[in-house]
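Peer 1: I'd like to ask some things about the structure below.
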Amino acid sequence: MLEARLDGRNPTIGIVLGSGLGSLAEHVENACYVPFGEIPHMKRSTATSHVGRFVCGELGGTCVMVMQGRLHGYEGNTAQEVAFPIWLMHKLGIETLITTNAAGAINESFAVGDFCIMTDHINFTGQNPIVGTEPDEIAFRFFSMKDAYDPDLRSVALSIAEREGIRVQEGVYLGLLGPSFETPAEIKMFRSWGADTVAMSVVEEVIAARHVGIRVLGMSLCSNMACGIEGASPSDIEVFEVARQREYDFCRLITLIIREIG
Ligand code: HPA
């Protein structure tokens with residue numbers, strides 16, 4: 001059904017746009033639009049600023065499938081429902097996934113407005129999208145999560161950011177269920193575990209992508225310092241304001257990365 005709506009377009013790169021980062025979709029040329037709600041078995045997005053549609057067309061010289069908004073566990077979705085669009089994109093031929101979000105910075109050497117390329121993750125959602133799939137129904141059930149965040153894609157992203165003078169960090173991302181922000185005690189614990197950033201998305205998508213062999217680039221915008229770091233108390237208003245301020249560099253960086261890897 002979705003394939004028919006793409007009118008002959010053959011996307012190879014999937015992009016998930018996180019909170020406040022949806023404007024990249026406006027740069028997609030020759031685009032077609034499919035709202036999540038029109039796709040059988042797919043949940044609608046209820047999160048603020050998540051438009052909740054696929055945008056398919058040209059970006060950086062490549063045919064891409066953009067999710068303008070995503071599904072979260074905190075909206076009441078199961079991990080499989082969150083991962084469903086990733087499996088859908090796999091069926092459409094997507095080989096590379098760029099997943100993005102706004103995140104709280106736990107690492108004190110990071111600053112609000114920095115981008116952070118994910119080197120690895122800690123899945124603290126308590127869920128896993130592969131649970132309950134029939135053994136080897138989609139792909140082999142037990143699969144490695146080593147180098148889940150593709151080292152080659154990471155180095156492309158880093159060198160482009162450096163060349164363009166865009167502040168970028170690298171670090172371990174911790175994903176949790178939400179929707180409450182974390183307590184200062186939790187953030188201290190996550191830091192001692194080796195986490196550099198924290199938010200409420202991405203990990204289910206990356207597990208689903210790796211399950212079917214899609215290579216992944218994960219990138220956060222540090223929209224705030226995590227709770228208790230430098231006295232911070234995160235709010236969604238701050239998250240959206242910082243995303244708005246960093247929108248230009250975000251769009252530039254992702255488009256240049258696609259130009260290089262597409
Ligand atoms: N915590 C969890 N999720 C987030 C944060 C945060 O500090 N910032 C943006 N999303």
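All residue names refer to the structure tokens as shown: chains lettered A, B, ... in order, residues numbered from 1 in each chain, ligands numbered from 1 in order.
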Can you list, as a short mmCIF file (atom, residue, chain, number, x, y, z; two decimals) with all heavy atoms, in the first residue's frame, every protein, DNA or RNA residue that comes within 10 Å of Leu21 of chain A when you count only C-alpha atoms, leaving out same-chain residues fewer than 6 positions away?
Peer 2:
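This went into selection-v5.cif:
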```cif
data_model
loop_
_atom_site.label_atom_id
_atom_site.label_comp_id
_atom_site.auth_asym_id
_atom_site.auth_seq_id
_atom_site.Cartn_x
_atom_site.Cartn_y
_atom_site.Cartn_z
N SER A 49 4.67 18.65 18.14
CA SER A 49 5.57 19.01 17.03
C SER A 49 5.91 17.84 16.11
O SER A 49 6.61 18.01 15.13
CB SER A 49 6.89 19.64 17.51
OG SER A 49 7.93 18.68 17.57
N HIS A 50 5.41 16.64 16.39
CA HIS A 50 5.66 15.50 15.49
C HIS A 50 4.49 15.43 14.50
O HIS A 50 3.38 15.04 14.87
CB HIS A 50 5.79 14.20 16.28
CG HIS A 50 7.05 14.12 17.07
ND1 HIS A 50 8.07 13.22 16.79
CD2 HIS A 50 7.48 14.84 18.14
CE1 HIS A 50 9.06 13.40 17.65
NE2 HIS A 50 8.73 14.37 18.48
N GLN A 68 8.60 12.45 9.39
CA GLN A 68 8.48 13.77 10.01
C GLN A 68 7.69 13.57 11.30
O GLN A 68 6.48 13.70 11.35
CB GLN A 68 7.77 14.74 9.05
CG GLN A 68 7.89 16.19 9.48
CD GLN A 68 7.26 17.14 8.47
OE1 GLN A 68 6.45 16.73 7.64
NE2 GLN A 68 7.62 18.41 8.55
N GLY A 69 8.45 13.22 12.32
CA GLY A 69 7.86 12.79 13.59
C GLY A 69 8.03 11.29 13.73
O GLY A 69 8.24 10.58 12.75
N THR A 100 17.37 10.73 14.50
CA THR A 100 17.77 11.95 15.22
C THR A 100 16.79 12.22 16.37
O THR A 100 15.64 11.77 16.33
CB THR A 100 17.76 13.17 14.27
OG1 THR A 100 16.40 13.48 13.92
CG2 THR A 100 18.56 12.92 13.02
N ASN A 101 17.27 12.95 17.33
CA ASN A 101 16.37 13.37 18.41
C ASN A 101 16.96 14.56 19.16
O ASN A 101 18.09 14.96 18.92
CB ASN A 101 16.08 12.20 19.38
CG ASN A 101 17.27 11.79 20.22
OD1 ASN A 101 18.37 12.29 20.04
ND2 ASN A 101 17.05 10.88 21.15
N ALA A 102 16.13 15.10 20.05
CA ALA A 102 16.62 16.08 21.02
C ALA A 102 16.91 15.29 22.29
O ALA A 102 16.16 14.38 22.64
CB ALA A 102 15.54 17.13 21.28
N LEU A 221 20.51 16.29 19.10
CA LEU A 221 20.79 17.68 19.40
C LEU A 221 20.70 17.81 20.92
O LEU A 221 19.68 17.41 21.51
CB LEU A 221 19.74 18.59 18.74
CG LEU A 221 19.73 20.03 19.28
CD1 LEU A 221 21.05 20.75 18.97
CD2 LEU A 221 18.56 20.81 18.71
N PHE A 240 12.24 22.74 22.54
CA PHE A 240 11.79 23.25 21.23
C PHE A 240 12.50 24.55 20.85
O PHE A 240 12.79 24.78 19.69
CB PHE A 240 10.27 23.42 21.22
CG PHE A 240 9.56 22.09 21.26
CD1 PHE A 240 8.72 21.76 22.31
CD2 PHE A 240 9.78 21.16 20.26
CE1 PHE A 240 8.10 20.51 22.35
CE2 PHE A 240 9.17 19.90 20.30
CZ PHE A 240 8.32 19.59 21.35
N ALA A 243 15.97 23.62 19.63
CA ALA A 243 15.85 22.97 18.32
C ALA A 243 15.62 24.03 17.24
O ALA A 243 16.21 23.96 16.16
CB ALA A 243 14.71 21.96 18.35
N ARG A 244 14.80 25.03 17.54
CA ARG A 244 14.54 26.09 16.57
C ARG A 244 15.82 26.86 16.25
O ARG A 244 16.12 27.14 15.10
CB ARG A 244 13.47 27.04 17.13
CG ARG A 244 12.76 27.88 16.09
CD ARG A 244 11.87 28.93 16.73
NE ARG A 244 12.58 29.77 17.70
CZ ARG A 244 13.44 30.73 17.40
NH1 ARG A 244 13.72 30.99 16.14
NH2 ARG A 244 14.05 31.42 18.34
N ARG A 246 18.85 25.75 16.39
CA ARG A 246 19.88 24.94 15.75
C ARG A 246 19.41 24.29 14.43
O ARG A 246 20.13 23.51 13.81
CB ARG A 246 20.35 23.84 16.72
CG ARG A 246 20.92 24.40 18.01
CD ARG A 246 22.18 25.23 17.77
NE ARG A 246 23.32 24.41 17.43
CZ ARG A 246 24.19 24.68 16.46
NH1 ARG A 246 24.04 25.78 15.73
NH2 ARG A 246 25.22 23.88 16.21
N GLU A 247 18.17 24.64 14.05
CA GLU A 247 17.53 24.09 12.87
C GLU A 247 18.40 24.23 11.60
O GLU A 247 18.56 23.27 10.84
CB GLU A 247 16.24 24.90 12.71
CG GLU A 247 15.26 24.41 11.74
CD GLU A 247 14.00 25.31 11.79
OE1 GLU A 247 13.77 26.04 12.78
OE2 GLU A 247 13.28 25.26 10.81
N TYR A 248 18.98 25.39 11.43
CA TYR A 248 19.73 25.65 10.20
C TYR A 248 20.93 24.70 10.09
O TYR A 248 21.13 24.04 9.07
CB TYR A 248 20.18 27.13 10.18
CG TYR A 248 21.06 27.45 9.00
CD1 TYR A 248 20.52 27.60 7.72
CD2 TYR A 248 22.45 27.58 9.15
CE1 TYR A 248 21.33 27.87 6.63
CE2 TYR A 248 23.27 27.85 8.06
CZ TYR A 248 22.70 27.99 6.81
OH TYR A 248 23.50 28.24 5.73
N PHE A 250 21.38 21.92 11.71
CA PHE A 250 20.90 20.54 11.65
C PHE A 250 20.60 20.14 10.21
O PHE A 250 21.07 19.11 9.72
CB PHE A 250 19.64 20.39 12.54
CG PHE A 250 19.01 19.04 12.43
CD1 PHE A 250 19.56 17.94 13.08
CD2 PHE A 250 17.85 18.85 11.67
CE1 PHE A 250 18.97 16.68 12.97
CE2 PHE A 250 17.28 17.59 11.55
CZ PHE A 250 17.83 16.51 12.20
N CYS A 251 19.84 20.99 9.51
CA CYS A 251 19.46 20.69 8.12
C CYS A 251 20.70 20.62 7.22
O CYS A 251 20.82 19.74 6.37
CB CYS A 251 18.47 21.73 7.59
SG CYS A 251 16.89 21.69 8.43
#
```
Peer 1: Taking only C-alpha atoms and all ligand atoms into account, list the residues no farther than 6 Å from ligand 1, as a list of chain:residue names.
Peer 2: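 Within the 6 Å cut-off, the matching residues are A:Ala102, A:Ala103, A:Gly104, A:Phe181, A:Val198, A:Ala199, A:Met200, A:Ser223, A:Asn224, A:Ala226, A:Pro234, A:Val239.
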Peer 1: Any chance you could list, as a PyMOL selection string, the residues in segment 55-162 of chain A that come up strand (DSSP E) when DSSP is run on the backbone?
Peer 2: chain A and resi 55-59+62-68+96-105+115-124
Peer 1: Taking C-alpha atoms for each residue, export the selection above as an mmCIF file, in the first residue's frame.
Peer 2:
```cif
data_model
loop_
_atom_site.group_PDB
_atom_site.id
_atom_site.type_symbol
_atom_site.label_atom_id
_atom_site.label_comp_id
_atom_site.auth_asym_id
_atom_site.auth_seq_id
_atom_site.Cartn_x
_atom_site.Cartn_y
_atom_site.Cartn_z
ATOM 1 C CA VAL A 55 7.823 12.412 3.252
ATOM 2 C CA CYS A 56 9.501 10.697 0.311
ATOM 3 C CA GLY A 57 11.592 12.520 -2.281
ATOM 4 C CA GLU A 58 15.050 13.911 -3.077
ATOM 5 C CA LEU A 59 17.452 15.291 -0.491
ATOM 6 C CA THR A 62 19.420 10.852 -2.985
ATOM 7 C CA CYS A 63 15.912 9.481 -2.716
ATOM 8 C CA VAL A 64 15.058 9.475 0.998
ATOM 9 C CA MET A 65 12.140 8.417 3.154
ATOM 10 C CA VAL A 66 11.723 10.907 5.971
ATOM 11 C CA MET A 67 9.628 10.291 9.056
ATOM 12 C CA GLN A 68 8.478 13.774 10.008
ATOM 13 C CA THR A 96 20.701 3.177 5.838
ATOM 14 C CA LEU A 97 18.864 4.836 8.718
ATOM 15 C CA ILE A 98 19.658 8.276 10.101
ATOM 16 C CA THR A 99 17.782 8.645 13.359
ATOM 17 C CA THR A 100 17.767 11.947 15.219
ATOM 18 C CA ASN A 101 16.366 13.367 18.415
ATOM 19 C CA ALA A 102 16.616 16.079 21.019
ATOM 20 C CA ALA A 103 18.399 14.843 24.137
ATOM 21 C CA GLY A 104 19.557 15.989 27.539
ATOM 22 C CA ALA A 105 23.333 16.226 27.945
ATOM 23 C CA PHE A 115 25.160 17.851 18.231
ATOM 24 C CA CYS A 116 26.178 14.416 19.483
ATOM 25 C CA ILE A 117 26.921 11.453 17.223
ATOM 26 C CA MET A 118 25.868 8.282 19.029
ATOM 27 C CA THR A 119 28.682 5.759 19.479
ATOM 28 C CA ASP A 120 26.529 3.213 21.334
ATOM 29 C CA HIS A 121 23.401 3.056 23.446
ATOM 30 C CA ILE A 122 22.006 1.824 26.737
ATOM 31 C CA ASN A 123 18.437 0.578 26.314
ATOM 32 C CA PHE A 124 16.754 1.521 29.582
#
```
Peer 1: With a distance cut-off of 12 Å and only C-alpha atoms, select the neighbouring residues of Ala157 of chain A, excluding the residue or stretch itself and same-chain residues fewer than 5 positions from it, and output the selection as a CSV table (one decimal) with all heavy atoms, in the first residue's frame.
Peer 2:
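So the final result, stored in out19.csv, reads:
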```csv
chain,number,residue,atom,x,y,z
A,98,ILE,N,19.1,7.2,9.3
A,98,ILE,CA,19.7,8.3,10.1
A,98,ILE,C,18.6,8.6,11.1
A,98,ILE,O,17.5,9.1,10.7
A,98,ILE,CB,20.0,9.5,9.2
A,98,ILE,CG1,21.0,9.1,8.2
A,98,ILE,CG2,20.5,10.6,10.1
A,98,ILE,CD1,21.4,10.2,7.2
A,115,PHE,N,25.7,19.1,18.8
A,115,PHE,CA,25.2,17.9,18.2
A,115,PHE,C,26.0,16.7,18.8
A,115,PHE,O,27.2,16.9,19.2
A,115,PHE,CB,25.2,17.8,16.7
A,115,PHE,CG,24.3,18.9,16.1
A,115,PHE,CD1,24.8,20.1,15.6
A,115,PHE,CD2,22.9,18.6,16.0
A,115,PHE,CE1,24.0,21.0,15.1
A,115,PHE,CE2,22.1,19.6,15.5
A,115,PHE,CZ,22.6,20.8,15.0
A,116,CYS,N,25.4,15.6,19.0
A,116,CYS,CA,26.2,14.4,19.5
A,116,CYS,C,25.9,13.2,18.6
A,116,CYS,O,24.8,12.8,18.4
A,116,CYS,CB,25.8,14.1,20.9
A,116,CYS,SG,26.7,12.8,21.6
A,117,ILE,N,27.0,12.7,18.0
A,117,ILE,CA,26.9,11.5,17.2
A,117,ILE,C,26.9,10.3,18.2
A,117,ILE,O,27.9,10.2,19.0
A,117,ILE,CB,28.1,11.4,16.3
A,117,ILE,CG1,28.3,12.6,15.4
A,117,ILE,CG2,28.1,10.1,15.4
A,117,ILE,CD1,27.1,12.9,14.5
A,118,MET,N,25.9,9.4,18.1
A,118,MET,CA,25.9,8.3,19.0
A,118,MET,C,26.9,7.2,18.7
A,118,MET,O,27.0,6.8,17.5
A,118,MET,CB,24.5,7.7,19.0
A,118,MET,CG,23.4,8.6,19.4
A,118,MET,SD,21.7,7.9,19.2
A,118,MET,CE,20.8,9.4,19.2
A,119,THR,N,27.7,6.8,19.7
A,119,THR,CA,28.7,5.8,19.5
A,119,THR,C,28.1,4.4,19.9
A,119,THR,O,28.6,3.4,19.5
A,119,THR,CB,29.9,6.0,20.3
A,119,THR,OG1,29.5,6.2,21.7
A,119,THR,CG2,30.6,7.3,19.9
A,149,TYR,N,26.0,1.4,15.8
A,149,TYR,CA,26.1,2.8,15.2
A,149,TYR,C,27.3,2.7,14.3
A,149,TYR,O,28.4,2.7,14.8
A,149,TYR,CB,26.2,3.8,16.3
A,149,TYR,CG,24.9,3.9,17.1
A,149,TYR,CD1,24.7,3.0,18.2
A,149,TYR,CD2,23.8,4.7,16.8
A,149,TYR,CE1,23.5,3.0,18.9
A,149,TYR,CE2,22.7,4.7,17.5
A,149,TYR,CZ,22.5,3.8,18.6
A,149,TYR,OH,21.3,3.8,19.3
A,150,ASP,N,27.1,2.7,13.0
A,150,ASP,CA,28.1,2.3,12.0
A,150,ASP,C,29.3,3.2,12.1
A,150,ASP,O,29.2,4.4,12.0
A,150,ASP,CB,27.4,2.4,10.7
A,150,ASP,CG,28.3,1.9,9.6
A,150,ASP,OD1,29.1,2.7,9.0
A,150,ASP,OD2,28.2,0.7,9.3
A,151,PRO,N,30.5,2.6,12.4
A,151,PRO,CA,31.7,3.4,12.5
A,151,PRO,C,32.1,4.3,11.3
A,151,PRO,O,32.5,5.4,11.5
A,151,PRO,CB,32.8,2.4,12.8
A,151,PRO,CG,32.1,1.2,13.3
A,151,PRO,CD,30.8,1.2,12.7
A,152,ASP,N,31.8,3.8,10.1
A,152,ASP,CA,32.1,4.6,8.9
A,152,ASP,C,31.2,5.8,8.8
A,152,ASP,O,31.6,6.9,8.5
A,152,ASP,CB,32.0,3.7,7.6
A,152,ASP,CG,33.0,2.6,7.6
A,152,ASP,OD1,34.1,2.8,8.3
A,152,ASP,OD2,32.8,1.6,6.9
A,162,GLU,N,33.2,18.9,11.4
A,162,GLU,CA,34.4,19.6,11.7
A,162,GLU,C,34.7,20.6,10.5
A,162,GLU,O,35.0,21.7,10.7
A,162,GLU,CB,35.5,18.6,12.0
A,162,GLU,CG,35.6,18.3,13.4
A,162,GLU,CD,36.3,17.0,13.7
A,162,GLU,OE1,37.2,16.6,13.0
A,162,GLU,OE2,36.0,16.3,14.7
A,163,ARG,N,34.6,20.1,9.3
A,163,ARG,CA,34.9,20.9,8.1
A,163,ARG,C,34.0,22.1,8.1
A,163,ARG,O,34.4,23.2,7.7
A,163,ARG,CB,34.7,20.0,6.9
A,163,ARG,CG,35.0,20.7,5.6
A,163,ARG,CD,34.6,19.8,4.4
A,163,ARG,NE,33.2,19.9,4.2
A,163,ARG,CZ,32.4,19.0,3.6
A,163,ARG,NH1,33.0,17.9,3.2
A,163,ARG,NH2,31.2,19.2,3.4
A,164,GLU,N,32.7,21.9,8.5
A,164,GLU,CA,31.7,23.0,8.4
A,164,GLU,C,31.7,23.9,9.6
A,164,GLU,O,30.9,24.8,9.7
A,164,GLU,CB,30.3,22.4,8.2
A,164,GLU,CG,30.2,21.6,6.9
A,164,GLU,CD,30.3,22.5,5.7
A,164,GLU,OE1,29.7,23.6,5.6
A,164,GLU,OE2,31.0,22.1,4.7
A,166,ILE,N,30.7,23.1,12.7
A,166,ILE,CA,29.5,22.8,13.5
A,166,ILE,C,30.0,22.0,14.7
A,166,ILE,O,30.6,20.9,14.6
A,166,ILE,CB,28.5,22.0,12.7
A,166,ILE,CG1,28.0,22.9,11.5
A,166,ILE,CG2,27.3,21.7,13.6
A,166,ILE,CD1,27.1,22.1,10.5
A,167,ARG,N,29.6,22.5,15.9
A,167,ARG,CA,30.1,21.8,17.1
A,167,ARG,C,29.4,20.4,17.3
A,167,ARG,O,28.2,20.3,17.3
A,167,ARG,CB,29.7,22.6,18.4
A,167,ARG,CG,30.9,23.5,18.9
A,167,ARG,CD,30.5,24.2,20.1
A,167,ARG,NE,30.4,23.3,21.3
A,167,ARG,CZ,31.2,23.3,22.3
A,167,ARG,NH1,32.2,24.1,22.3
A,167,ARG,NH2,31.0,22.4,23.3
A,168,VAL,N,30.3,19.4,17.4
A,168,VAL,CA,29.7,18.1,17.4
A,168,VAL,C,30.5,17.3,18.5
A,168,VAL,O,31.7,17.5,18.6
A,168,VAL,CB,29.8,17.4,16.0
A,168,VAL,CG1,31.2,17.0,15.6
A,168,VAL,CG2,28.9,16.2,16.0
A,169,GLN,N,29.8,16.4,19.2
A,169,GLN,CA,30.4,15.6,20.2
A,169,GLN,C,30.1,14.1,19.8
A,169,GLN,O,29.3,13.9,18.9
A,169,GLN,CB,29.7,15.8,21.6
A,169,GLN,CG,29.7,17.2,22.0
A,169,GLN,CD,31.0,17.7,22.6
A,169,GLN,OE1,32.0,17.0,22.6
A,169,GLN,NE2,31.1,19.0,22.9
A,170,GLU,N,30.8,13.2,20.5
A,170,GLU,CA,30.4,11.8,20.3
A,170,GLU,C,30.1,11.2,21.7
A,170,GLU,O,30.8,11.6,22.7
A,170,GLU,CB,31.7,11.0,19.8
A,170,GLU,CG,32.0,11.1,18.4
A,170,GLU,CD,33.1,10.1,18.0
A,170,GLU,OE1,34.2,10.3,18.4
A,170,GLU,OE2,32.8,9.1,17.3
A,216,VAL,N,23.2,2.2,10.6
A,216,VAL,CA,22.6,3.2,11.4
A,216,VAL,C,23.5,4.4,11.7
A,216,VAL,O,24.7,4.1,12.1
A,216,VAL,CB,22.0,2.7,12.7
A,216,VAL,CG1,21.5,3.8,13.6
A,216,VAL,CG2,20.9,1.7,12.5
A,217,LEU,N,23.1,5.6,11.5
A,217,LEU,CA,23.7,6.8,12.1
A,217,LEU,C,22.7,7.4,13.1
A,217,LEU,O,21.6,7.7,12.7
A,217,LEU,CB,24.1,7.8,11.0
A,217,LEU,CG,24.7,9.1,11.5
A,217,LEU,CD1,26.1,8.9,12.1
A,217,LEU,CD2,24.8,10.1,10.3
A,218,GLY,N,23.2,7.6,14.3
A,218,GLY,CA,22.3,8.3,15.3
A,218,GLY,C,22.9,9.6,15.7
A,218,GLY,O,24.1,9.7,16.0
A,219,MET,N,22.0,10.6,15.7
A,219,MET,CA,22.5,11.9,16.1
A,219,MET,C,21.5,12.7,17.0
A,219,MET,O,20.3,12.8,16.6
A,219,MET,CB,22.8,12.8,14.9
A,219,MET,CG,23.5,14.1,15.2
A,219,MET,SD,24.0,15.0,13.7
A,219,MET,CE,22.6,16.0,13.5
A,250,PHE,N,21.4,21.9,11.7
A,250,PHE,CA,20.9,20.5,11.7
A,250,PHE,C,20.6,20.1,10.2
A,250,PHE,O,21.1,19.1,9.7
A,250,PHE,CB,19.6,20.4,12.5
A,250,PHE,CG,19.0,19.0,12.4
A,250,PHE,CD1,19.6,17.9,13.1
A,250,PHE,CD2,17.9,18.8,11.7
A,250,PHE,CE1,19.0,16.7,13.0
A,250,PHE,CE2,17.3,17.6,11.6
A,250,PHE,CZ,17.8,16.5,12.2
A,252,ARG,N,21.6,21.6,7.5
A,252,ARG,CA,22.8,21.6,6.7
A,252,ARG,C,23.7,20.3,6.9
A,252,ARG,O,24.1,19.7,5.9
A,252,ARG,CB,23.6,22.8,7.1
A,252,ARG,CG,24.7,23.3,6.2
A,252,ARG,CD,25.0,24.8,6.5
A,252,ARG,NE,25.6,25.0,7.8
A,252,ARG,CZ,26.9,25.2,8.0
A,252,ARG,NH1,27.7,25.0,7.0
A,252,ARG,NH2,27.3,25.4,9.2
A,253,LEU,N,23.8,20.0,8.1
A,253,LEU,CA,24.7,18.8,8.5
A,253,LEU,C,24.1,17.5,7.9
A,253,LEU,O,24.8,16.7,7.2
A,253,LEU,CB,24.8,18.7,10.0
A,253,LEU,CG,25.7,17.7,10.6
A,253,LEU,CD1,27.1,17.7,10.0
A,253,LEU,CD2,25.8,17.9,12.1
A,254,ILE,N,22.8,17.3,8.1
A,254,ILE,CA,22.2,16.0,7.6
A,254,ILE,C,22.2,16.0,6.0
A,254,ILE,O,22.5,15.0,5.4
A,254,ILE,CB,20.7,15.9,8.1
A,254,ILE,CG1,20.7,15.8,9.6
A,254,ILE,CG2,20.0,14.7,7.5
A,254,ILE,CD1,21.3,14.6,10.2
A,255,THR,N,21.9,17.1,5.4
A,255,THR,CA,21.9,17.2,3.9
A,255,THR,C,23.4,16.9,3.4
A,255,THR,O,23.5,16.1,2.4
A,255,THR,CB,21.4,18.5,3.4
A,255,THR,OG1,20.2,18.8,4.0
A,255,THR,CG2,21.3,18.5,1.9
A,256,LEU,N,24.4,17.4,4.0
A,256,LEU,CA,25.7,17.2,3.6
A,256,LEU,C,26.1,15.7,3.8
A,256,LEU,O,26.8,15.1,3.0
A,256,LEU,CB,26.7,18.1,4.3
A,256,LEU,CG,26.6,19.6,3.8
A,256,LEU,CD1,27.4,20.5,4.8
A,256,LEU,CD2,27.1,19.7,2.4
A,257,ILE,N,25.7,15.2,4.9
A,257,ILE,CA,26.0,13.7,5.2
A,257,ILE,C,25.4,12.9,4.1
A,257,ILE,O,26.0,12.0,3.6
A,257,ILE,CB,25.5,13.3,6.6
A,257,ILE,CG1,26.3,14.0,7.7
A,257,ILE,CG2,25.5,11.8,6.8
A,257,ILE,CD1,25.7,13.9,9.1
A,258,ILE,N,24.1,13.2,3.7
A,258,ILE,CA,23.4,12.4,2.7
A,258,ILE,C,24.2,12.5,1.4
A,258,ILE,O,24.4,11.6,0.6
A,258,ILE,CB,22.0,12.8,2.6
A,258,ILE,CG1,21.2,12.3,3.8
A,258,ILE,CG2,21.3,12.2,1.3
A,258,ILE,CD1,19.9,12.9,4.0
A,259,ARG,N,24.6,13.7,1.1
A,259,ARG,CA,25.3,14.0,-0.2
A,259,ARG,C,26.6,13.1,-0.2
A,259,ARG,O,26.9,12.6,-1.3
A,259,ARG,CB,25.7,15.5,-0.3
A,259,ARG,CG,26.0,15.9,-1.7
A,259,ARG,CD,26.0,17.4,-1.8
A,259,ARG,NE,24.7,18.0,-1.9
A,259,ARG,CZ,23.8,17.9,-2.9
A,259,ARG,NH1,24.2,17.2,-3.9
A,259,ARG,NH2,22.7,18.5,-2.9
A,260,GLU,N,27.2,12.9,0.9
A,260,GLU,CA,28.4,12.1,1.0
A,260,GLU,C,28.2,10.5,0.9
A,260,GLU,O,28.9,9.8,0.3
A,260,GLU,CB,29.2,12.4,2.3
A,260,GLU,CG,30.5,11.7,2.5
A,260,GLU,CD,31.7,12.5,2.0
A,260,GLU,OE1,31.5,13.7,1.7
A,260,GLU,OE2,32.7,11.8,1.9
A,261,ILE,N,27.1,10.1,1.6
A,261,ILE,CA,26.9,8.7,1.8
A,261,ILE,C,25.9,8.1,0.8
A,261,ILE,O,25.8,6.9,0.6
A,261,ILE,CB,26.5,8.3,3.2
A,261,ILE,CG1,25.1,8.8,3.5
A,261,ILE,CG2,27.5,8.7,4.2
A,261,ILE,CD1,24.5,8.3,4.8
```
Peer 1: Measuring atom to atom with only C-alpha atoms, identify which of A:Leu2, A:Val51, A:Glu108, A:Gly113 is nearest to Gly18 of chain A.
Peer 2: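 Looking only at the distances to Gly18 of chain A, the closest residue turns out to be A:Val51.
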Peer 1: Mind checking which residues fall within 12 Å of Ala47 of chain A, counting only C-alpha atoms, ignoring those fewer than 2 positions away in the same chain, and posting them as an MDAnalysis selection string?
Peer 2: chainID A and resid 18:20 43:45 49:52 68:77 179 200:201 236
Peer 1: Atom CA of Met42 of chain A and atom CA of Val82 of chain A are how many Å apart?
Peer 2: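 If I compute the distance from atom CA of Met42 of chain A to atom CA of Val82 of chain A, I get 8.9 Å.
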Peer 1: What is the atom CA of Met1 of chain A to atom CA of Pro40 of chain A distance in Å?
Peer 2: 8.3 Å
Peer 1: Taking the DSSP assignment computed from this structure's backbone, write out as a PyMOL selection string all residues of segment 5-244 of chain A that belong to alpha helix (DSSP H).
Peer 2: chain A and resi 5+79-91+151-164+184-192+203-211+236-244
Peer 1: Do you have the atom CA of Arg141 of chain A-atom CA of Leu88 of chain A distance handy?
Peer 2: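 Between atom CA of Arg141 of chain A and atom CA of Leu88 of chain A the gap works out to 18.0 Å.
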